[in-house]
Structure formats: structure tokens, C-alpha cells
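input-v8.cif (mmCIF, C-alpha atoms) appears below.
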data_coords
#
loop_
_atom_site.group_PDB
_atom_site.id
_atom_site.type_symbol
_atom_site.label_atom_id
_atom_site.label_comp_id
_atom_site.auth_asym_id
_atom_site.auth_seq_id
_atom_site.Cartn_x
_atom_site.Cartn_y
_atom_site.Cartn_z
ATOM 1 C CA MET W 23 92.496 -47.599 -14.182
ATOM 2 C CA PRO W 24 94.526 -44.440 -13.294
ATOM 3 C CA ILE W 25 96.323 -44.689 -9.955
ATOM 4 C CA LEU W 26 94.783 -41.454 -8.608
ATOM 5 C CA TYR W 27 91.284 -42.662 -9.496
ATOM 6 C CA ARG W 28 91.917 -46.001 -7.803
ATOM 7 C CA LEU W 29 93.372 -44.429 -4.655
ATOM 8 C CA LEU W 30 90.480 -41.978 -4.335
ATOM 9 C CA TRP W 31 87.977 -44.793 -4.783
ATOM 10 C CA LEU W 32 89.607 -47.125 -2.257
ATOM 11 C CA PHE W 33 89.902 -44.411 0.376
ATOM 12 C CA GLY W 34 86.369 -43.124 -0.159
ATOM 13 C CA HIS W 35 84.775 -46.572 -0.355
ATOM 14 C CA TYR W 36 86.019 -47.698 3.041
ATOM 15 C CA ALA W 37 85.920 -44.287 4.732
ATOM 16 C CA SER W 38 82.263 -43.840 3.764
ATOM 17 C CA LYS W 39 81.344 -47.044 5.592
ATOM 18 C CA LEU W 40 82.979 -45.716 8.749
ATOM 19 C CA ILE W 41 81.535 -42.202 8.523
ATOM 20 C CA TRP W 42 77.952 -43.036 7.518
ATOM 21 C CA ASN W 43 75.419 -45.702 8.405
ATOM 22 C CA LEU W 44 75.041 -47.113 4.896
ATOM 23 C CA GLU W 45 72.925 -50.000 3.688
ATOM 24 C CA VAL W 46 73.985 -51.021 0.182
ATOM 25 C CA ARG W 47 72.174 -53.957 -1.414
ATOM 26 C CA GLY W 48 72.074 -55.608 -4.809
ATOM 27 C CA GLU W 49 75.624 -54.829 -6.005
ATOM 28 C CA GLU W 50 75.799 -58.378 -7.356
ATOM 29 C CA LEU W 51 73.074 -57.462 -9.874
ATOM 30 C CA VAL W 52 75.376 -54.982 -11.638
ATOM 31 C CA PRO W 53 76.847 -56.634 -14.773
ATOM 32 C CA PRO W 54 80.636 -56.925 -14.321
ATOM 33 C CA GLY W 55 81.367 -55.920 -17.900
ATOM 34 C CA GLY W 56 79.864 -54.504 -21.065
ATOM 35 C CA GLY W 57 78.140 -51.218 -21.744
ATOM 36 C CA MET W 58 75.396 -50.299 -19.297
ATOM 37 C CA ILE W 59 73.496 -47.369 -17.815
ATOM 38 C CA VAL W 60 72.990 -46.989 -14.076
ATOM 39 C CA ALA W 61 69.866 -44.870 -13.510
ATOM 40 C CA ALA W 62 68.978 -43.535 -10.054
ATOM 41 C CA ASN W 63 66.506 -41.164 -8.443
ATOM 42 C CA HIS W 64 68.133 -37.899 -7.380
ATOM 43 C CA LEU W 65 67.823 -36.455 -3.874
ATOM 44 C CA SER W 66 71.015 -34.620 -2.998
ATOM 45 C CA PHE W 67 74.361 -33.251 -4.128
ATOM 46 C CA PHE W 68 75.905 -36.306 -2.430
ATOM 47 C CA ASP W 69 74.226 -38.865 -4.730
ATOM 48 C CA PRO W 70 76.912 -39.011 -7.474
ATOM 49 C CA ALA W 71 79.702 -39.483 -4.932
ATOM 50 C CA LEU W 72 77.756 -42.184 -3.102
ATOM 51 C CA LEU W 73 77.134 -44.148 -6.282
ATOM 52 C CA TRP W 74 80.714 -43.690 -7.461
ATOM 53 C CA LEU W 75 82.002 -45.103 -4.176
ATOM 54 C CA HIS W 76 79.716 -48.138 -4.133
ATOM 55 C CA LEU W 77 79.367 -49.213 -7.736
ATOM 56 C CA PRO W 78 81.351 -52.439 -8.152
ATOM 57 C CA ARG W 79 82.919 -51.209 -11.409
ATOM 58 C CA LYS W 80 84.441 -48.068 -12.885
ATOM 59 C CA ALA W 81 81.848 -45.569 -14.054
ATOM 60 C CA HIS W 82 81.402 -42.322 -15.960
ATOM 61 C CA PHE W 83 78.928 -39.663 -14.837
ATOM 62 C CA LEU W 84 76.902 -36.961 -16.494
ATOM 63 C CA ALA W 85 77.476 -33.735 -14.544
ATOM 64 C CA LYS W 86 76.084 -30.262 -15.142
ATOM 65 C CA VAL W 87 78.566 -28.020 -16.924
ATOM 66 C CA GLU W 88 78.483 -25.485 -14.060
ATOM 67 C CA LEU W 89 80.514 -27.918 -11.931
ATOM 68 C CA PHE W 90 83.434 -27.430 -14.323
ATOM 69 C CA GLY W 91 83.508 -23.685 -13.661
ATOM 70 C CA ASN W 92 87.077 -23.460 -12.339
ATOM 71 C CA ARG W 93 90.289 -25.356 -12.968
ATOM 72 C CA LEU W 94 90.349 -27.185 -9.641
ATOM 73 C CA SER W 95 86.797 -28.533 -9.795
ATOM 74 C CA ALA W 96 87.136 -29.271 -13.514
ATOM 75 C CA ALA W 97 90.287 -31.321 -12.871
ATOM 76 C CA LEU W 98 88.592 -33.210 -10.031
ATOM 77 C CA PHE W 99 85.473 -34.070 -12.024
ATOM 78 C CA ARG W 100 87.512 -35.160 -15.037
ATOM 79 C CA THR W 101 89.584 -37.421 -12.773
ATOM 80 C CA LEU W 102 86.282 -38.963 -11.677
ATOM 81 C CA ASN W 103 85.285 -39.524 -15.333
ATOM 82 C CA ALA W 104 82.523 -36.914 -15.342
ATOM 83 C CA ILE W 105 81.074 -35.772 -18.667
ATOM 84 C CA PRO W 106 79.932 -32.119 -18.688
ATOM 85 C CA VAL W 107 76.399 -31.603 -19.954
ATOM 86 C CA ASP W 108 74.518 -28.386 -20.687
ATOM 87 C CA ARG W 109 71.033 -28.862 -19.265
ATOM 88 C CA GLU W 110 69.634 -25.832 -21.077
ATOM 89 C CA GLY W 111 69.428 -27.491 -24.458
ATOM 90 C CA TYR W 112 70.217 -30.505 -26.647
ATOM 91 C CA ASP W 113 73.887 -31.101 -25.818
ATOM 92 C CA ARG W 114 75.152 -33.059 -28.817
ATOM 93 C CA ARG W 115 78.693 -33.260 -27.472
ATOM 94 C CA ALA W 116 77.558 -34.857 -24.196
ATOM 95 C CA ILE W 117 75.332 -37.312 -26.066
ATOM 96 C CA ARG W 118 78.153 -38.241 -28.437
ATOM 97 C CA LYS W 119 80.614 -38.763 -25.572
ATOM 98 C CA SER W 120 78.058 -40.806 -23.602
ATOM 99 C CA LEU W 121 77.424 -43.077 -26.581
ATOM 100 C CA GLU W 122 81.179 -43.544 -27.018
ATOM 101 C CA VAL W 123 81.435 -44.682 -23.391
ATOM 102 C CA LEU W 124 78.512 -47.099 -23.704
ATOM 103 C CA LYS W 125 79.482 -48.567 -27.069
ATOM 104 C CA SER W 126 83.044 -49.155 -25.844
ATOM 105 C CA GLY W 127 81.712 -51.263 -22.952
ATOM 106 C CA GLY W 128 81.699 -48.573 -20.268
ATOM 107 C CA CYS W 129 79.301 -47.819 -17.432
ATOM 108 C CA LEU W 130 77.407 -44.510 -17.422
ATOM 109 C CA VAL W 131 75.596 -43.176 -14.341
ATOM 110 C CA MET W 132 72.560 -40.959 -14.924
ATOM 111 C CA PHE W 133 69.868 -39.251 -12.890
ATOM 112 C CA PRO W 134 66.951 -39.345 -15.362
ATOM 113 C CA GLU W 135 64.854 -36.855 -13.363
ATOM 114 C CA GLY W 136 67.433 -34.212 -14.265
ATOM 115 C CA SER W 137 67.526 -32.400 -10.921
ATOM 116 C CA ARG W 138 67.274 -33.070 -7.199
ATOM 117 C CA GLY W 139 63.804 -33.772 -5.833
ATOM 118 C CA PRO W 140 61.984 -34.409 -2.552
ATOM 119 C CA GLU W 141 62.429 -37.550 -0.475
ATOM 120 C CA GLY W 142 59.989 -40.327 -1.331
ATOM 121 C CA MET W 143 58.858 -38.931 -4.692
ATOM 122 C CA ILE W 144 59.937 -40.661 -7.916
ATOM 123 C CA ARG W 145 59.386 -38.085 -10.654
ATOM 124 C CA GLU W 146 58.991 -38.316 -14.412
ATOM 125 C CA ALA W 147 62.221 -38.817 -16.350
ATOM 126 C CA TYR W 148 63.601 -36.796 -19.216
ATOM 127 C CA LEU W 149 64.023 -38.702 -22.473
ATOM 128 C CA GLY W 150 67.839 -38.826 -22.337
ATOM 129 C CA VAL W 151 68.044 -42.187 -20.603
ATOM 130 C CA GLY W 152 65.768 -43.688 -23.248
ATOM 131 C CA LEU W 153 67.673 -42.113 -26.127
ATOM 132 C CA LEU W 154 71.073 -43.339 -24.919
ATOM 133 C CA ALA W 155 69.895 -46.843 -24.000
ATOM 134 C CA ARG W 156 68.088 -47.284 -27.339
ATOM 135 C CA LYS W 157 70.944 -45.977 -29.486
ATOM 136 C CA ALA W 158 73.647 -47.922 -27.640
ATOM 137 C CA ARG W 159 71.441 -51.021 -27.035
ATOM 138 C CA VAL W 160 72.681 -51.447 -23.462
ATOM 139 C CA PRO W 161 70.912 -52.644 -20.281
ATOM 140 C CA ILE W 162 69.736 -50.184 -17.641
ATOM 141 C CA VAL W 163 70.353 -50.918 -13.961
ATOM 142 C CA PRO W 164 67.762 -49.097 -11.790
ATOM 143 C CA VAL W 165 68.934 -47.764 -8.430
ATOM 144 C CA TYR W 166 66.880 -46.407 -5.553
ATOM 145 C CA LEU W 167 68.476 -43.950 -3.127
ATOM 146 C CA GLU W 168 66.917 -43.152 0.239
ATOM 147 C CA SER W 169 67.691 -40.487 2.874
ATOM 148 C CA THR W 170 70.779 -39.144 1.099
ATOM 149 C CA LYS W 171 69.595 -35.603 1.871
ATOM 150 C CA THR W 172 70.692 -36.308 5.454
ATOM 151 C CA TYR W 173 74.331 -37.015 4.560
ATOM 152 C CA VAL W 174 75.643 -34.260 6.862
ATOM 153 C CA ARG W 175 73.300 -34.952 9.783
ATOM 154 C CA SER W 176 73.850 -38.697 9.387
ATOM 155 C CA ILE W 177 77.495 -38.336 10.406
ATOM 156 C CA PHE W 178 76.323 -37.472 13.918
ATOM 157 C CA THR W 179 72.951 -39.238 14.197
ATOM 158 C CA ARG W 180 73.850 -42.448 12.327
ATOM 159 C CA HIS W 181 70.593 -42.113 10.409
ATOM 160 C CA LYS W 182 70.606 -44.869 7.801
ATOM 161 C CA MET W 183 71.089 -44.040 4.129
ATOM 162 C CA LYS W 184 70.125 -46.726 1.621
ATOM 163 C CA VAL W 185 71.321 -47.689 -1.849
ATOM 164 C CA ARG W 186 69.385 -50.439 -3.613
ATOM 165 C CA PHE W 187 70.457 -51.815 -7.015
ATOM 166 C CA GLY W 188 67.779 -53.628 -9.009
ATOM 167 C CA GLU W 189 67.613 -56.216 -11.775
ATOM 168 C CA PRO W 190 68.835 -54.770 -15.103
ATOM 169 C CA ILE W 191 66.337 -53.886 -17.798
ATOM 170 C CA ASP W 192 67.379 -56.290 -20.558
ATOM 171 C CA SER W 193 68.851 -54.647 -23.644
ATOM 172 C CA GLY W 194 67.040 -57.219 -25.813
ATOM 173 C CA TRP W 195 63.747 -55.497 -24.988
ATOM 174 C CA LEU W 196 65.072 -52.241 -26.424
ATOM 175 C CA SER W 197 65.222 -53.624 -29.964
ATOM 176 C CA GLU W 198 61.423 -53.881 -29.883
ATOM 177 C CA ILE W 199 61.055 -50.181 -29.024
ATOM 178 C CA PRO W 200 60.902 -47.596 -31.833
ATOM 179 C CA GLY W 201 63.888 -45.255 -32.074
ATOM 180 C CA ASN W 202 61.887 -42.043 -31.736
ATOM 181 C CA LYS W 203 60.629 -39.750 -28.973
ATOM 182 C CA GLU W 204 57.731 -42.033 -28.145
ATOM 183 C CA GLY W 205 60.097 -44.975 -27.836
ATOM 184 C CA TYR W 206 62.522 -43.007 -25.681
ATOM 185 C CA ARG W 207 59.590 -41.982 -23.488
ATOM 186 C CA MET W 208 58.586 -45.630 -23.053
ATOM 187 C CA ILE W 209 62.107 -46.606 -21.975
ATOM 188 C CA ALA W 210 62.358 -43.647 -19.601
ATOM 189 C CA GLY W 211 58.974 -44.518 -18.105
ATOM 190 C CA GLU W 212 59.935 -48.156 -17.583
ATOM 191 C CA THR W 213 63.178 -47.062 -15.921
ATOM 192 C CA MET W 214 61.388 -44.876 -13.388
ATOM 193 C CA SER W 215 58.793 -47.603 -12.821
ATOM 194 C CA ARG W 216 61.601 -50.004 -11.855
ATOM 195 C CA ILE W 217 63.075 -47.422 -9.479
ATOM 196 C CA ARG W 218 59.625 -46.891 -7.967
ATOM 197 C CA MET W 219 59.288 -50.643 -7.397
ATOM 198 C CA LEU W 220 62.615 -50.650 -5.557
ATOM 199 C CA SER W 221 61.398 -47.790 -3.371
ATOM 200 C CA GLU W 222 58.309 -49.783 -2.402
ATOM 201 C CA ASN W 223 60.344 -52.863 -1.488
ATOM 202 C CA VAL W 224 63.355 -51.325 0.211
ATOM 203 C CA GLY W 225 61.738 -51.026 3.630
ATOM 204 C CA ALA W 226 60.393 -54.562 3.689
ATOM 205 C CA ALA W 227 63.793 -55.979 2.737
ATOM 206 C CA SER W 228 65.691 -54.108 5.427
ATOM 207 C CA PRO W 229 66.358 -55.761 8.788
#

Do you think you could lay out the structure here as C-alpha cells?
Amino acid sequence: MPILYRLLWLFGHYASKLIWNLEVRGEELVPPGGGMIVAANHLSFFDPALLWLHLPRKAHFLAKVELFGNRLSAALFRTLNAIPVDREGYDRRAIRKSLEVLKSGGCLVMFPEGSRGPEGMIREAYLGVGLLARKARVPIVPVYLESTKTYVRSIFTRHKMKVRFGEPIDSGWLSEIPGNKEGYRMIAGETMSRIRMLSENVGAASP
């Protein structure tokens, strides 16, 4: 792991716990090795950073190509293992790079909804998460994020933000799913269903 990456992670991981009132649960459910997808609902610009800081293993991220618009931001996102993706069409390069990461045993973070949405609403996923999981035959770890839209206000109010990791969707199940759009849609639907289940349980499990 590059030294700069490690230093940024260590500083951010511990600083975030001091700055924000975070409740992170289920990290032990994340497989320690092997290819895997981490799929989360998407609420705010802060979500990728929050997951990066609290995933218990090194991860790659899919990030919209606009974030690589200048040299400084491009260098930062590449240091953080971000993969640029063009959301306007079928980005073959991003898909190829993502599959390389997964098939080499890496962890890829995705937001299957594709864009930020309102608090409390788990929306329909695009097919990308299904396509990548099916082609790479890797498990999917669902993650539910709550109240991350308040990341600025939370510094002062100590409003709690929550990250909940769930049980992985077993990669063995994927072999039973057809490798076509309908199959990808089934996988994407199951992924969002798991995230929705986490959202329904997160309040009851909190002290």
C-alpha cells in the first residue's frame, strides 16, 4: 500500500471519529480478502470519503469523470484509487478496469443508484453492479448510509451519521443467474433489497 495512501487513511480514519458523531457497524462482515463489491445507497458528496475511511480494507472507487477535471483533483482521486467513469454512456474502459480490480482480488466501491438521492429513499439501481458482480463472480457487501447529508452541520450539532455493513450476497448465487440484462437486473434488485433491509433495521439496532 503506497505510503501517501496509508498516511491519508490513518489520519482521516481517526480524525473523522473526533470531528463527527459516527456510528459504524458490521465492519467484521466485510471479507478480509478476495474480490468483492461494496454497494451503498448514495446521499451526499461525502459518502465516498466516509466509506473509504471506514472500510477495513483497501478499496477502489468508481467516480464520475468530471471529478478528474484538473491536475490537482485528478492526482488526489488517483491516489485514492478512483476509477473515472463517464455516466453519459456505456464506459467500456471503466468496466474493463473495474473487472481487472475485482478479478485480481480487489475491493470496488459502487453507488448503484448512480447519483445522490433524498434521505430515507432507496432507489432503483442501474445494471452496472449486476454486470460487474456476474462477470467477476464476486460477493456484494450491501451498505446503508444514514444522515450523511448533514456532514457539515454534524460537526457542530453532533447529529449522528450511520454506516451499516450487511451480510455479503454470496457469489455462488450469481452462477445461477443468467449473464444478460435480465440477470443483471435481478442482481441489482437484490442488492438494493439488502440495502433496504439494513435501512429498516438500523434504528432498532442502535442504542

Any idea what's packed within 9 Å of segment 27-31 of chain W, counting all atoms listed in the file, ignoring anything in its chain fewer than 2 positions away? Could you give it as a short mmCIF file (atom, residue, chain, number, x, y, z; two decimals) with C-alpha atoms, in the frame of the given file?
data_model
loop_
_atom_site.label_atom_id
_atom_site.label_comp_id
_atom_site.auth_asym_id
_atom_site.auth_seq_id
_atom_site.Cartn_x
_atom_site.Cartn_y
_atom_site.Cartn_z
CA MET W 23 92.50 -47.60 -14.18
CA PRO W 24 94.53 -44.44 -13.29
CA ILE W 25 96.32 -44.69 -9.96
CA PHE W 33 89.90 -44.41 0.38
CA GLY W 34 86.37 -43.12 -0.16
CA HIS W 35 84.78 -46.57 -0.36
CA TYR W 36 86.02 -47.70 3.04
CA TRP W 74 80.71 -43.69 -7.46
CA LEU W 75 82.00 -45.10 -4.18
CA HIS W 76 79.72 -48.14 -4.13
CA THR W 101 89.58 -37.42 -12.77
CA LEU W 102 86.28 -38.96 -11.68
CA ASN W 103 85.28 -39.52 -15.33
#

Checklist line | Distance criterion (only C-alpha atoms): nearest to Leu89 of chain W out of W:Ala37, W:Ala104, W:Leu124, W:Leu77 | finding: W:Ala104

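Here the PyMOL selection byres ((chain W and resi 59) around 8) captures the residues W:Gly57, W:Met58, W:Val60, W:Ala61, W:Leu124, W:Cys129, W:Leu130, W:Val131, W:Met132, W:Ala155, W:Val160, W:Pro161, W:Ile162, W:Val163.
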
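Of the listed residues (W:Leu84, W:Ile191, W:Ala147, W:Leu98), W:Ala147 comes nearest to Arg207 of chain W; the distances count only C-alpha atoms.
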
Next item on the list: List the residues selected by the PyMOL selection byres ((chain W and resi 134) around 10) in the file shown, writing them as a ChimeraX atom specification.
Entry: /W:60-64,131-133,135-137,145-152,210-211,213-214

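Counting only C-alpha atoms, the residue from W:Arg159, W:Ser169, W:Arg114, W:Arg79 that sits nearest to Ile199 of chain W is W:Arg159.
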
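Closest to Glu49 of chain W among W:Leu26, W:Ile209, W:Leu73, W:Leu65 is W:Leu73, based on all atoms listed in the file.
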
Item checked: Explicit residue set for the PyMOL selection byres ((chain W and resi 177-182) around 9), as a PyMOL selection string -> chain W and resi 41-45+168-170+172-176+183-184

Enclose the full set of atoms of segment 207-220 of chain W listed in the file within a box whose edges lie along x, y and z, apply 8 Å of padding to each of the six sides, and report centre and edge lengths in Å to one decimal as JSON.
{"center_x": 60.9, "center_y": -46.3, "center_z": -14.5, "size_x": 20.6, "size_y": 24.7, "size_z": 33.9}

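Across W:Gly142, W:Gly48, W:Gly91, W:Gly56, the tightest approach to Glu222 of chain W is made by W:Gly142 when counting all atoms listed in the file.
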
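Put simply, atom CA of Pro53 of chain W is 18.4 Å away from atom CA of Glu122 of chain W.
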
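Nearest residue to Gly201 of chain W, choosing from W:Leu121, W:Ala158, W:Pro54, W:Arg115 and counting only C-alpha atoms: W:Ala158.
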
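Here atom CA of Phe187 of chain W stands at a distance of 6.1 Å from atom CA of Pro164 of chain W.
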